[in-house]
Amino acid sequence: MNSVLVASNRGPVSFTVSDDGELTMKRGGGGLVSGLSGVAKDEGVLWVCAALSDGDRSAVRQAPGGRLDQAGYDTGALRMLDIAPATFHRAYNAVANSTLWFVNHLLYDIPNSPHFGTRFQREWESYRDYNGAFALALAEEAGHEARVMVQDYHLTLTPAMLRAERPDLRIAHFSHTPWAPPEYFALLPDEVAREVLEGILGADHAGFLTERWARAFTDCCAALLGATVDARGVTHEGRTTRIGVHALGVDGEQLWRRACEPDVESNVAALREQTGDRKLIVRIDRTELSKNIVRGLVAYREFLAAHPEWHGRVVHLAFAYPSRHDLPEYREYTAAVQRCAKEIEDEYATEDWDPLILNVNDDYARSLAAYRMADVLLVNPIRDGMNLVAKEGPILSPRCVLVLSREAGAAAELGADALVINPYDVLETAQALHTALVMPEEERTRRAASLAGAATALPPQKWLAAQLDALT
Ligand code: G6P
């Protein structure tokens with residue numbers, strides 16, 4: 001029985017299976033993984049996650065009860081749930097990533113999508129089953145009055161389901177995404193909107209990355225459920241759920257250590273060779289609709305059109321890693337990014353100048369090298385829960401100017417020292433790129449130092465400890 005449990009769709013490790021059946025384990029990244037590695041040694045931590053690949057499923061099938069307890073996880077013990085692939089696909093791709101992610105990032109193309117028909121009803125059933133599988137596993141594994149931390153939009157129903165089984169537990173839910181305002185959230189079918197809100201209200205504590213997302217959630221509870229919102233939290237049907245805001249920052253030392261390893265150094269040398277002494281505008285994202293990559297490229301094109309004096313003297317290093325390719329919207333968006341990049345190349349490239357280098361393969365060492373070399377970092381999402389790229393850049397480049405969307409959660413902490421833009425306004429973005437490039441040395445280092453200070457104020461260990469404390 002465990003006293004601290006974490007539940008998330010993606011776990012801290014993943015497995016691949018070779019042709020001869022041998023399993024190899026790979027540790028994942030992200031704030032939760034680094035946060036937990038700090039506390040797992042002291043507490044009896046169990047992490048419950050879904051098996052996401054054939055490798056994961058093989059690992060689960062070889063482990064008694066799906067529990068992978070052998071040494072090697074500094075994040076505690078692990079239980080992977082082997083959910084039927086069709087159920088998983090509907091819960092993860094159709095509901096979590098296509099519906100809840102789209103709602104909370106305001107991504108719907110309203111005249112054409114979404115359609116909530118019979119197909120969605122089946123998908124929603126699967127989302128319930130998938131959340132139920134997590135609730136059941138947590139109920140089986142949790143010790144008396146254990147603390148359970150349920151993560152993100154994949155698992156909005158789990159807190160209420162778990163409470164129904166185990167009222168003794170102390171349950172938290174944390175949203176790593178933005179939350180939609182009620183008039184947008186209400187596009188979900190009534191029953192679905194209610195279930196999501198009531199699912200999270202099954203927790204004792206609901207956490208968000210910024211005040212803004214927390215307020216949007218409580219506004220939804222008031223408008224759609226008629227719940228009472230006051231300083232104590234949200235009260236609905238006689239129970240109160242406390243609301244907490246915990247911004248997530250970066251472990252600066254750990255990031256620096258990784259960014260000085262030989263593979264990063266050799267990437268710095270290779271990029272230097274490729275770009276010479278030209279100024280670098282860097283962006284690093286998953287190819288994700290909410291990251292607004294196409295408008296970022298259009299802004300760079302506007303900048304080149306308005307400032308011919310920069311031709312030949314600047315390079316835009318754009319990292320756009322593959323993401324969620326099971327969804328047609330993401331495949332189309334990837335194609336749009338590549339089309340736009342090609343147009344810029346066709347219009348501006350010369351024999352000895354590549355204005356844009358688009359990296360479409362996931363290469364962490366190369367992106368760390370790019371951070372280190374950045375003169376300007378462009379982070380322009382339409383909407384983003386936090387955005388850790390905005391925090392990592394200034395830590396790794398002491399003279400990097402951050403051009404930051406006002407719609408990123410990180411803007412609440414970094415707004416004073418970044419150049420803040422409206423992500424839809426590509427002319428304003430282009431102008432900010434220019435301002436950033438010509439910013440005097442003293443001002444850029446002062447701003448970057450202040451940004452780095454803010455970025456490291458709440459490293460994952462503190463962020464996690466604050467959530468655990470909230471349940472004590
Ligand atoms: C982003 C979001 C997280 C989310 C994750 C899921 O990082 O900020 O809120 O949990 O994507 O990504 P995945 O690759 O597991 O679908």
# chains A, B, ... in the order shown; residues from 1 in each chain; ligands from 1
call {"tool": "select_by_dssp", "arguments": {"residues": "range 112-283 of chain A", "states": "helix (DSSP H, G or I)", "output": "PDB file with N, CA and C atoms, in the first residue's frame"}}
result
ATOM      1  N   THR A 118     -23.242  10.642 -32.533  1.00  0.00           N
ATOM      2  CA  THR A 118     -23.206   9.313 -31.902  1.00  0.00           C
ATOM      3  C   THR A 118     -21.764   8.803 -31.762  1.00  0.00           C
ATOM      4  N   ARG A 119     -20.929   9.178 -32.734  1.00  0.00           N
ATOM      5  CA  ARG A 119     -19.543   8.729 -32.645  1.00  0.00           C
ATOM      6  C   ARG A 119     -18.876   9.299 -31.387  1.00  0.00           C
ATOM      7  N   PHE A 120     -19.177  10.571 -31.138  1.00  0.00           N
ATOM      8  CA  PHE A 120     -18.594  11.179 -29.930  1.00  0.00           C
ATOM      9  C   PHE A 120     -19.111  10.484 -28.675  1.00  0.00           C
ATOM     10  N   GLN A 121     -20.392  10.084 -28.704  1.00  0.00           N
ATOM     11  CA  GLN A 121     -20.929   9.398 -27.510  1.00  0.00           C
ATOM     12  C   GLN A 121     -20.124   8.145 -27.194  1.00  0.00           C
ATOM     13  N   ARG A 122     -19.743   7.414 -28.246  1.00  0.00           N
ATOM     14  CA  ARG A 122     -18.945   6.197 -28.033  1.00  0.00           C
ATOM     15  C   ARG A 122     -17.553   6.577 -27.497  1.00  0.00           C
ATOM     16  N   GLU A 123     -17.007   7.651 -28.053  1.00  0.00           N
ATOM     17  CA  GLU A 123     -15.682   8.090 -27.605  1.00  0.00           C
ATOM     18  C   GLU A 123     -15.724   8.518 -26.133  1.00  0.00           C
ATOM     19  N   TRP A 124     -16.811   9.200 -25.799  1.00  0.00           N
ATOM     20  CA  TRP A 124     -16.956   9.663 -24.413  1.00  0.00           C
ATOM     21  C   TRP A 124     -17.085   8.483 -23.450  1.00  0.00           C
ATOM     22  N   GLU A 125     -17.821   7.443 -23.876  1.00  0.00           N
ATOM     23  CA  GLU A 125     -17.917   6.198 -23.075  1.00  0.00           C
ATOM     24  C   GLU A 125     -16.521   5.646 -22.801  1.00  0.00           C
ATOM     25  N   SER A 126     -15.672   5.662 -23.841  1.00  0.00           N
ATOM     26  CA  SER A 126     -14.310   5.125 -23.686  1.00  0.00           C
ATOM     27  C   SER A 126     -13.497   5.990 -22.731  1.00  0.00           C
ATOM     28  N   TYR A 127     -13.713   7.287 -22.812  1.00  0.00           N
ATOM     29  CA  TYR A 127     -12.995   8.194 -21.894  1.00  0.00           C
ATOM     30  C   TYR A 127     -13.405   7.878 -20.446  1.00  0.00           C
ATOM     31  N   ARG A 128     -14.697   7.611 -20.258  1.00  0.00           N
ATOM     32  CA  ARG A 128     -15.169   7.211 -18.915  1.00  0.00           C
ATOM     33  C   ARG A 128     -14.495   5.913 -18.471  1.00  0.00           C
ATOM     34  N   ASP A 129     -14.453   4.930 -19.389  1.00  0.00           N
ATOM     35  CA  ASP A 129     -13.856   3.626 -19.026  1.00  0.00           C
ATOM     36  C   ASP A 129     -12.377   3.795 -18.673  1.00  0.00           C
ATOM     37  N   TYR A 130     -11.706   4.598 -19.468  1.00  0.00           N
ATOM     38  CA  TYR A 130     -10.265   4.820 -19.256  1.00  0.00           C
ATOM     39  C   TYR A 130     -10.040   5.525 -17.910  1.00  0.00           C
ATOM     40  N   ASN A 131     -10.843   6.546 -17.605  1.00  0.00           N
ATOM     41  CA  ASN A 131     -10.733   7.214 -16.300  1.00  0.00           C
ATOM     42  C   ASN A 131     -11.088   6.242 -15.169  1.00  0.00           C
ATOM     43  N   GLY A 132     -12.062   5.362 -15.459  1.00  0.00           N
ATOM     44  CA  GLY A 132     -12.471   4.377 -14.461  1.00  0.00           C
ATOM     45  C   GLY A 132     -11.348   3.388 -14.156  1.00  0.00           C
ATOM     46  N   ALA A 133     -10.599   3.018 -15.194  1.00  0.00           N
ATOM     47  CA  ALA A 133      -9.488   2.071 -14.984  1.00  0.00           C
ATOM     48  C   ALA A 133      -8.437   2.697 -14.059  1.00  0.00           C
ATOM     49  N   PHE A 134      -8.202   3.982 -14.218  1.00  0.00           N
ATOM     50  CA  PHE A 134      -7.255   4.664 -13.322  1.00  0.00           C
ATOM     51  C   PHE A 134      -7.808   4.704 -11.896  1.00  0.00           C
ATOM     52  N   ALA A 135      -9.100   5.048 -11.786  1.00  0.00           N
ATOM     53  CA  ALA A 135      -9.691   5.157 -10.451  1.00  0.00           C
ATOM     54  C   ALA A 135      -9.610   3.811  -9.724  1.00  0.00           C
ATOM     55  N   LEU A 136      -9.886   2.732 -10.458  1.00  0.00           N
ATOM     56  CA  LEU A 136      -9.860   1.403  -9.860  1.00  0.00           C
ATOM     57  C   LEU A 136      -8.451   1.044  -9.382  1.00  0.00           C
ATOM     58  N   ALA A 137      -7.468   1.287 -10.239  1.00  0.00           N
ATOM     59  CA  ALA A 137      -6.079   0.955  -9.867  1.00  0.00           C
ATOM     60  C   ALA A 137      -5.645   1.775  -8.650  1.00  0.00           C
ATOM     61  N   LEU A 138      -6.005   3.048  -8.635  1.00  0.00           N
ATOM     62  CA  LEU A 138      -5.610   3.908  -7.504  1.00  0.00           C
ATOM     63  C   LEU A 138      -6.299   3.428  -6.225  1.00  0.00           C
ATOM     64  N   ALA A 139      -7.572   3.059  -6.355  1.00  0.00           N
ATOM     65  CA  ALA A 139      -8.308   2.591  -5.173  1.00  0.00           C
ATOM     66  C   ALA A 139      -7.669   1.313  -4.620  1.00  0.00           C
ATOM     67  N   GLU A 140      -7.180   0.458  -5.512  1.00  0.00           N
ATOM     68  CA  GLU A 140      -6.543  -0.793  -5.060  1.00  0.00           C
ATOM     69  C   GLU A 140      -5.205  -0.553  -4.370  1.00  0.00           C
ATOM     70  N   GLU A 141      -4.466   0.434  -4.853  1.00  0.00           N
ATOM     71  CA  GLU A 141      -3.084   0.593  -4.410  1.00  0.00           C
ATOM     72  C   GLU A 141      -2.903   1.552  -3.235  1.00  0.00           C
ATOM     73  N   TYR A 153      -5.780  16.818 -18.306  1.00  0.00           N
ATOM     74  CA  TYR A 153      -7.068  16.704 -18.989  1.00  0.00           C
ATOM     75  C   TYR A 153      -7.402  15.279 -19.415  1.00  0.00           C
ATOM     76  N   HIS A 154      -6.422  14.395 -19.404  1.00  0.00           N
ATOM     77  CA  HIS A 154      -6.739  13.004 -19.719  1.00  0.00           C
ATOM     78  C   HIS A 154      -7.579  12.383 -18.600  1.00  0.00           C
ATOM     79  N   LEU A 155      -7.408  12.902 -17.393  1.00  0.00           N
ATOM     80  CA  LEU A 155      -7.975  12.248 -16.206  1.00  0.00           C
ATOM     81  C   LEU A 155      -8.881  13.193 -15.412  1.00  0.00           C
ATOM     82  N   THR A 158     -11.420  11.015 -13.097  1.00  0.00           N
ATOM     83  CA  THR A 158     -10.868  10.096 -12.097  1.00  0.00           C
ATOM     84  C   THR A 158     -11.065  10.579 -10.649  1.00  0.00           C
ATOM     85  N   PRO A 159     -10.872  11.877 -10.347  1.00  0.00           N
ATOM     86  CA  PRO A 159     -11.011  12.254  -8.942  1.00  0.00           C
ATOM     87  C   PRO A 159     -12.379  11.888  -8.349  1.00  0.00           C
ATOM     88  N   ALA A 160     -13.476  12.213  -9.065  1.00  0.00           N
ATOM     89  CA  ALA A 160     -14.814  11.905  -8.512  1.00  0.00           C
ATOM     90  C   ALA A 160     -15.033  10.391  -8.441  1.00  0.00           C
ATOM     91  N   MET A 161     -14.558   9.663  -9.463  1.00  0.00           N
ATOM     92  CA  MET A 161     -14.738   8.202  -9.448  1.00  0.00           C
ATOM     93  C   MET A 161     -13.983   7.584  -8.276  1.00  0.00           C
ATOM     94  N   LEU A 162     -12.792   8.109  -8.028  1.00  0.00           N
ATOM     95  CA  LEU A 162     -11.965   7.576  -6.949  1.00  0.00           C
ATOM     96  C   LEU A 162     -12.578   7.909  -5.590  1.00  0.00           C
ATOM     97  N   ARG A 163     -13.099   9.120  -5.458  1.00  0.00           N
ATOM     98  CA  ARG A 163     -13.707   9.505  -4.179  1.00  0.00           C
ATOM     99  C   ARG A 163     -14.893   8.594  -3.852  1.00  0.00           C
ATOM    100  N   ALA A 164     -15.656   8.246  -4.907  1.00  0.00           N
ATOM    101  CA  ALA A 164     -16.820   7.384  -4.674  1.00  0.00           C
ATOM    102  C   ALA A 164     -16.378   6.030  -4.095  1.00  0.00           C
ATOM    103  N   GLU A 165     -15.220   5.536  -4.543  1.00  0.00           N
ATOM    104  CA  GLU A 165     -14.701   4.244  -4.056  1.00  0.00           C
ATOM    105  C   GLU A 165     -14.019   4.370  -2.705  1.00  0.00           C
ATOM    106  N   PRO A 182     -16.182  30.276 -19.660  1.00  0.00           N
ATOM    107  CA  PRO A 182     -17.442  29.519 -19.712  1.00  0.00           C
ATOM    108  C   PRO A 182     -18.160  29.586 -21.062  1.00  0.00           C
ATOM    109  N   GLU A 183     -18.145  30.761 -21.713  1.00  0.00           N
ATOM    110  CA  GLU A 183     -18.914  30.854 -22.955  1.00  0.00           C
ATOM    111  C   GLU A 183     -18.315  29.963 -24.051  1.00  0.00           C
ATOM    112  N   TYR A 184     -17.039  29.615 -23.946  1.00  0.00           N
ATOM    113  CA  TYR A 184     -16.414  28.699 -24.910  1.00  0.00           C
ATOM    114  C   TYR A 184     -16.532  27.256 -24.425  1.00  0.00           C
ATOM    115  N   PHE A 185     -16.286  27.052 -23.127  1.00  0.00           N
ATOM    116  CA  PHE A 185     -16.367  25.703 -22.557  1.00  0.00           C
ATOM    117  C   PHE A 185     -17.762  25.114 -22.777  1.00  0.00           C
ATOM    118  N   ASP A 190     -23.892  19.526 -22.694  1.00  0.00           N
ATOM    119  CA  ASP A 190     -24.121  19.837 -21.265  1.00  0.00           C
ATOM    120  C   ASP A 190     -23.616  18.755 -20.332  1.00  0.00           C
ATOM    121  N   GLU A 191     -23.959  17.519 -20.686  1.00  0.00           N
ATOM    122  CA  GLU A 191     -23.643  16.407 -19.781  1.00  0.00           C
ATOM    123  C   GLU A 191     -22.123  16.226 -19.685  1.00  0.00           C
ATOM    124  N   VAL A 192     -21.439  16.426 -20.812  1.00  0.00           N
ATOM    125  CA  VAL A 192     -19.981  16.266 -20.834  1.00  0.00           C
ATOM    126  C   VAL A 192     -19.323  17.385 -20.022  1.00  0.00           C
ATOM    127  N   ALA A 193     -19.775  18.612 -20.253  1.00  0.00           N
ATOM    128  CA  ALA A 193     -19.206  19.748 -19.516  1.00  0.00           C
ATOM    129  C   ALA A 193     -19.382  19.537 -18.013  1.00  0.00           C
ATOM    130  N   ARG A 194     -20.578  19.094 -17.625  1.00  0.00           N
ATOM    131  CA  ARG A 194     -20.862  18.845 -16.192  1.00  0.00           C
ATOM    132  C   ARG A 194     -19.963  17.767 -15.637  1.00  0.00           C
ATOM    133  N   GLU A 195     -19.843  16.675 -16.390  1.00  0.00           N
ATOM    134  CA  GLU A 195     -19.046  15.541 -15.884  1.00  0.00           C
ATOM    135  C   GLU A 195     -17.593  15.933 -15.691  1.00  0.00           C
ATOM    136  N   VAL A 196     -17.062  16.731 -16.616  1.00  0.00           N
ATOM    137  CA  VAL A 196     -15.660  17.159 -16.500  1.00  0.00           C
ATOM    138  C   VAL A 196     -15.495  18.015 -15.243  1.00  0.00           C
ATOM    139  N   LEU A 197     -16.370  18.998 -15.086  1.00  0.00           N
ATOM    140  CA  LEU A 197     -16.241  19.901 -13.925  1.00  0.00           C
ATOM    141  C   LEU A 197     -16.466  19.134 -12.621  1.00  0.00           C
ATOM    142  N   GLU A 198     -17.512  18.314 -12.602  1.00  0.00           N
ATOM    143  CA  GLU A 198     -17.802  17.559 -11.371  1.00  0.00           C
ATOM    144  C   GLU A 198     -16.738  16.502 -11.112  1.00  0.00           C
ATOM    145  N   GLY A 199     -16.134  16.001 -12.181  1.00  0.00           N
ATOM    146  CA  GLY A 199     -15.041  15.030 -12.022  1.00  0.00           C
ATOM    147  C   GLY A 199     -13.884  15.660 -11.261  1.00  0.00           C
ATOM    148  N   ILE A 200     -13.488  16.852 -11.681  1.00  0.00           N
ATOM    149  CA  ILE A 200     -12.370  17.541 -11.010  1.00  0.00           C
ATOM    150  C   ILE A 200     -12.792  17.955  -9.600  1.00  0.00           C
ATOM    151  N   GLU A 211      -3.220  32.083 -12.139  1.00  0.00           N
ATOM    152  CA  GLU A 211      -4.497  32.630 -11.631  1.00  0.00           C
ATOM    153  C   GLU A 211      -5.543  32.643 -12.730  1.00  0.00           C
ATOM    154  N   ARG A 212      -5.083  32.997 -13.928  1.00  0.00           N
ATOM    155  CA  ARG A 212      -6.029  33.162 -15.037  1.00  0.00           C
ATOM    156  C   ARG A 212      -6.767  31.855 -15.355  1.00  0.00           C
ATOM    157  N   TRP A 213      -6.016  30.744 -15.391  1.00  0.00           N
ATOM    158  CA  TRP A 213      -6.665  29.450 -15.713  1.00  0.00           C
ATOM    159  C   TRP A 213      -7.537  28.995 -14.536  1.00  0.00           C
ATOM    160  N   ALA A 214      -7.089  29.288 -13.319  1.00  0.00           N
ATOM    161  CA  ALA A 214      -7.879  28.910 -12.139  1.00  0.00           C
ATOM    162  C   ALA A 214      -9.214  29.661 -12.155  1.00  0.00           C
ATOM    163  N   ARG A 215      -9.145  30.950 -12.501  1.00  0.00           N
ATOM    164  CA  ARG A 215     -10.369  31.755 -12.521  1.00  0.00           C
ATOM    165  C   ARG A 215     -11.315  31.261 -13.620  1.00  0.00           C
ATOM    166  N   ALA A 216     -10.768  30.901 -14.769  1.00  0.00           N
ATOM    167  CA  ALA A 216     -11.623  30.394 -15.857  1.00  0.00           C
ATOM    168  C   ALA A 216     -12.360  29.133 -15.383  1.00  0.00           C
ATOM    169  N   PHE A 217     -11.635  28.273 -14.657  1.00  0.00           N
ATOM    170  CA  PHE A 217     -12.265  27.044 -14.152  1.00  0.00           C
ATOM    171  C   PHE A 217     -13.381  27.368 -13.159  1.00  0.00           C
ATOM    172  N   THR A 218     -13.096  28.253 -12.221  1.00  0.00           N
ATOM    173  CA  THR A 218     -14.135  28.557 -11.217  1.00  0.00           C
ATOM    174  C   THR A 218     -15.312  29.285 -11.881  1.00  0.00           C
ATOM    175  N   ASP A 219     -15.040  30.111 -12.892  1.00  0.00           N
ATOM    176  CA  ASP A 219     -16.135  30.755 -13.640  1.00  0.00           C
ATOM    177  C   ASP A 219     -17.017  29.692 -14.302  1.00  0.00           C
ATOM    178  N   CYS A 220     -16.387  28.658 -14.860  1.00  0.00           N
ATOM    179  CA  CYS A 220     -17.161  27.567 -15.485  1.00  0.00           C
ATOM    180  C   CYS A 220     -18.018  26.870 -14.436  1.00  0.00           C
ATOM    181  N   CYS A 221     -17.438  26.630 -13.250  1.00  0.00           N
ATOM    182  CA  CYS A 221     -18.200  25.936 -12.180  1.00  0.00           C
ATOM    183  C   CYS A 221     -19.405  26.770 -11.775  1.00  0.00           C
ATOM    184  N   ALA A 222     -19.198  28.105 -11.685  1.00  0.00           N
ATOM    185  CA  ALA A 222     -20.314  28.965 -11.284  1.00  0.00           C
ATOM    186  C   ALA A 222     -21.361  29.008 -12.391  1.00  0.00           C
ATOM    187  N   ALA A 223     -20.914  29.207 -13.634  1.00  0.00           N
ATOM    188  CA  ALA A 223     -21.873  29.414 -14.729  1.00  0.00           C
ATOM    189  C   ALA A 223     -22.586  28.127 -15.126  1.00  0.00           C
ATOM    190  N   LEU A 224     -21.866  27.016 -15.146  1.00  0.00           N
ATOM    191  CA  LEU A 224     -22.456  25.789 -15.702  1.00  0.00           C
ATOM    192  C   LEU A 224     -23.035  24.858 -14.641  1.00  0.00           C
ATOM    193  N   LEU A 225     -22.501  24.940 -13.412  1.00  0.00           N
ATOM    194  CA  LEU A 225     -23.012  24.049 -12.356  1.00  0.00           C
ATOM    195  C   LEU A 225     -23.821  24.811 -11.315  1.00  0.00           C
ATOM    196  N   GLY A 252      17.335  25.011 -12.840  1.00  0.00           N
ATOM    197  CA  GLY A 252      18.362  25.654 -13.666  1.00  0.00           C
ATOM    198  C   GLY A 252      19.687  24.900 -13.668  1.00  0.00           C
ATOM    199  N   GLU A 253      20.074  24.382 -12.501  1.00  0.00           N
ATOM    200  CA  GLU A 253      21.366  23.693 -12.418  1.00  0.00           C
ATOM    201  C   GLU A 253      21.382  22.434 -13.263  1.00  0.00           C
ATOM    202  N   GLN A 254      20.291  21.672 -13.112  1.00  0.00           N
ATOM    203  CA  GLN A 254      20.185  20.423 -13.873  1.00  0.00           C
ATOM    204  C   GLN A 254      20.194  20.715 -15.384  1.00  0.00           C
ATOM    205  N   LEU A 255      19.489  21.773 -15.777  1.00  0.00           N
ATOM    206  CA  LEU A 255      19.433  22.126 -17.197  1.00  0.00           C
ATOM    207  C   LEU A 255      20.822  22.529 -17.700  1.00  0.00           C
ATOM    208  N   TRP A 256      21.529  23.321 -16.900  1.00  0.00           N
ATOM    209  CA  TRP A 256      22.868  23.752 -17.290  1.00  0.00           C
ATOM    210  C   TRP A 256      23.811  22.572 -17.444  1.00  0.00           C
ATOM    211  N   ARG A 257      23.707  21.645 -16.483  1.00  0.00           N
ATOM    212  CA  ARG A 257      24.593  20.474 -16.545  1.00  0.00           C
ATOM    213  C   ARG A 257      24.366  19.719 -17.853  1.00  0.00           C
ATOM    214  N   ARG A 258      23.084  19.502 -18.179  1.00  0.00           N
ATOM    215  CA  ARG A 258      22.779  18.769 -19.415  1.00  0.00           C
ATOM    216  C   ARG A 258      23.251  19.544 -20.651  1.00  0.00           C
ATOM    217  N   ALA A 259      23.113  20.865 -20.588  1.00  0.00           N
ATOM    218  CA  ALA A 259      23.435  21.702 -21.754  1.00  0.00           C
ATOM    219  C   ALA A 259      24.945  21.857 -21.960  1.00  0.00           C
ATOM    220  N   PRO A 262      28.941  16.792 -23.858  1.00  0.00           N
ATOM    221  CA  PRO A 262      29.646  16.809 -25.148  1.00  0.00           C
ATOM    222  C   PRO A 262      28.739  16.819 -26.378  1.00  0.00           C
ATOM    223  N   ASP A 263      27.587  16.104 -26.306  1.00  0.00           N
ATOM    224  CA  ASP A 263      26.729  16.081 -27.507  1.00  0.00           C
ATOM    225  C   ASP A 263      26.159  17.470 -27.803  1.00  0.00           C
ATOM    226  N   VAL A 264      25.933  18.263 -26.729  1.00  0.00           N
ATOM    227  CA  VAL A 264      25.430  19.625 -26.948  1.00  0.00           C
ATOM    228  C   VAL A 264      26.574  20.500 -27.483  1.00  0.00           C
ATOM    229  N   GLU A 265      27.754  20.345 -26.889  1.00  0.00           N
ATOM    230  CA  GLU A 265      28.911  21.131 -27.362  1.00  0.00           C
ATOM    231  C   GLU A 265      29.143  20.895 -28.852  1.00  0.00           C
ATOM    232  N   SER A 266      29.054  19.640 -29.283  1.00  0.00           N
ATOM    233  CA  SER A 266      29.337  19.400 -30.706  1.00  0.00           C
ATOM    234  C   SER A 266      28.226  19.980 -31.582  1.00  0.00           C
ATOM    235  N   ASN A 267      27.004  20.028 -31.061  1.00  0.00           N
ATOM    236  CA  ASN A 267      25.930  20.691 -31.819  1.00  0.00           C
ATOM    237  C   ASN A 267      26.137  22.203 -31.889  1.00  0.00           C
ATOM    238  N   VAL A 268      26.662  22.791 -30.810  1.00  0.00           N
ATOM    239  CA  VAL A 268      26.962  24.231 -30.839  1.00  0.00           C
ATOM    240  C   VAL A 268      27.970  24.494 -31.961  1.00  0.00           C
ATOM    241  N   ALA A 269      29.004  23.662 -32.006  1.00  0.00           N
ATOM    242  CA  ALA A 269      30.043  23.855 -33.028  1.00  0.00           C
ATOM    243  C   ALA A 269      29.446  23.703 -34.432  1.00  0.00           C
ATOM    244  N   ALA A 270      28.611  22.684 -34.606  1.00  0.00           N
ATOM    245  CA  ALA A 270      28.028  22.439 -35.938  1.00  0.00           C
ATOM    246  C   ALA A 270      27.110  23.595 -36.350  1.00  0.00           C
ATOM    247  N   LEU A 271      26.296  24.096 -35.409  1.00  0.00           N
ATOM    248  CA  LEU A 271      25.391  25.202 -35.744  1.00  0.00           C
ATOM    249  C   LEU A 271      26.184  26.475 -36.042  1.00  0.00           C
ATOM    250  N   ARG A 272      27.266  26.668 -35.302  1.00  0.00           N
ATOM    251  CA  ARG A 272      28.122  27.841 -35.547  1.00  0.00           C
ATOM    252  C   ARG A 272      28.706  27.777 -36.964  1.00  0.00           C
ATOM    253  N   GLU A 273      29.152  26.615 -37.294  1.00  0.00           N
ATOM    254  CA  GLU A 273      29.710  26.373 -38.635  1.00  0.00           C
ATOM    255  C   GLU A 273      28.655  26.713 -39.710  1.00  0.00           C
ATOM    256  N   GLN A 274      27.428  26.312 -39.426  1.00  0.00           N
ATOM    257  CA  GLN A 274      26.341  26.483 -40.399  1.00  0.00           C
ATOM    258  C   GLN A 274      25.868  27.938 -40.497  1.00  0.00           C
ATOM    259  N   THR A 275      25.889  28.656 -39.374  1.00  0.00           N
ATOM    260  CA  THR A 275      25.276  29.995 -39.372  1.00  0.00           C
ATOM    261  C   THR A 275      26.302  31.128 -39.290  1.00  0.00           C
TER     262      THR A 275
END
call {"tool": "closest_atom_pairs", "arguments": {"of": "range 75-187 of chain A", "to": "range 3-24 of chain A", "cutoff": "9 Å", "atoms": "only C-alpha atoms", "output": "tab-separated table"}}
result
residue	atom	partner	partner_atom	distance
A:Thr75	CA	A:Pro12	CA	7.3
A:Leu78	CA	A:Gly11	CA	8.2
A:Met80	CA	A:Gly11	CA	7.9
A:Tyr92	CA	A:Asn9	CA	8.5
A:Phe134	CA	A:Ala7	CA	7.4
A:Leu138	CA	A:Leu5	CA	7.5
A:Glu141	CA	A:Leu5	CA	8.3
A:Ala142	CA	A:Ser3	CA	6.4
A:Gly143	CA	A:Ser3	CA	5.6
A:His144	CA	A:Ser3	CA	7.7
A:Glu145	CA	A:Ser3	CA	7.6
A:Ala146	CA	A:Ser3	CA	4.4
A:Arg147	CA	A:Val4	CA	4.9
A:Val148	CA	A:Leu5	CA	4.6
A:Met149	CA	A:Val6	CA	4.7
A:Val150	CA	A:Ala7	CA	4.8
A:Gln151	CA	A:Ser8	CA	5.1
A:Asp152	CA	A:Ser8	CA	7.1
A:His154	CA	A:Asn9	CA	6.4
A:Leu155	CA	A:Ser8	CA	7.2
call {"tool": "residues_around", "arguments": {"residues": "Asp354 in chain A", "least_positions_apart": "3", "cutoff": "9 Å", "atoms": "only C-alpha atoms", "output": "PyMOL selection string"}}
result
chain A and resi 275+312+314-316+345+348-351+357
call {"tool": "residues_around", "arguments": {"residues": "range 447-460 of chain A", "least_positions_apart": "2", "cutoff": "8 Å", "atoms": "only C-alpha atoms", "output": "NGL selection string"}}
result
:A and (31-32 or 34-35 or 247-252 or 391-392 or 394-395 or 397-402 or 413-414 or 417-418 or 443-445 or 462-464)
call {"tool": "atom_distance", "arguments": {"atom1": "CA of Thr429 in chain A", "atom2": "CA of Arg331 in chain A"}}
result
25.6 Å
call {"tool": "select_by_dssp", "arguments": {"residues": "range 291-375 of chain A", "states": "strand (DSSP E)", "output": "PyMOL selection string"}}
result
chain A and resi 314-321+356-359
call {"tool": "residues_around", "arguments": {"residues": "Asp82 in chain A", "least_positions_apart": "4", "cutoff": "10 Å", "atoms": "only C-alpha atoms", "output": "list in words"}}
result
Cys49, Ala50, Ala51, Leu52, Ser53, Asp56, Arg57, Ser58, Ala59, Val60, Arg61, Gly66, Phe88 and Ala133 of chain A
call {"tool": "write_last_selection", "arguments": {"atoms": "C-alpha atoms", "output": "compact mmCIF listing (two decimals), in the first residue's frame"}}
result
# COMPACT_ATOMS: atom_id res chain seq x y z
CA CYS A 49 0.10 5.49 -15.91
CA ALA A 50 -1.15 3.97 -19.15
CA ALA A 51 0.83 1.56 -21.32
CA LEU A 52 1.26 3.61 -24.49
CA SER A 53 3.17 1.36 -26.86
CA ASP A 56 5.01 -0.83 -22.63
CA ARG A 57 2.40 -3.57 -23.06
CA SER A 58 5.10 -6.26 -23.18
CA ALA A 59 6.65 -4.86 -20.01
CA VAL A 60 3.27 -4.88 -18.24
CA ARG A 61 2.46 -8.42 -19.33
CA GLY A 66 1.32 -4.65 -14.03
CA PHE A 88 -7.27 3.99 -25.27
CA ALA A 133 -9.49 2.07 -14.98
call {"tool": "residues_around", "arguments": {"residues": "Pro322 in chain A", "least_positions_apart": "6", "cutoff": "10 Å", "atoms": "only C-alpha atoms", "output": "VMD selection string"}}
result
chain A and resid 285 to 288 330 to 331 334 359 to 362
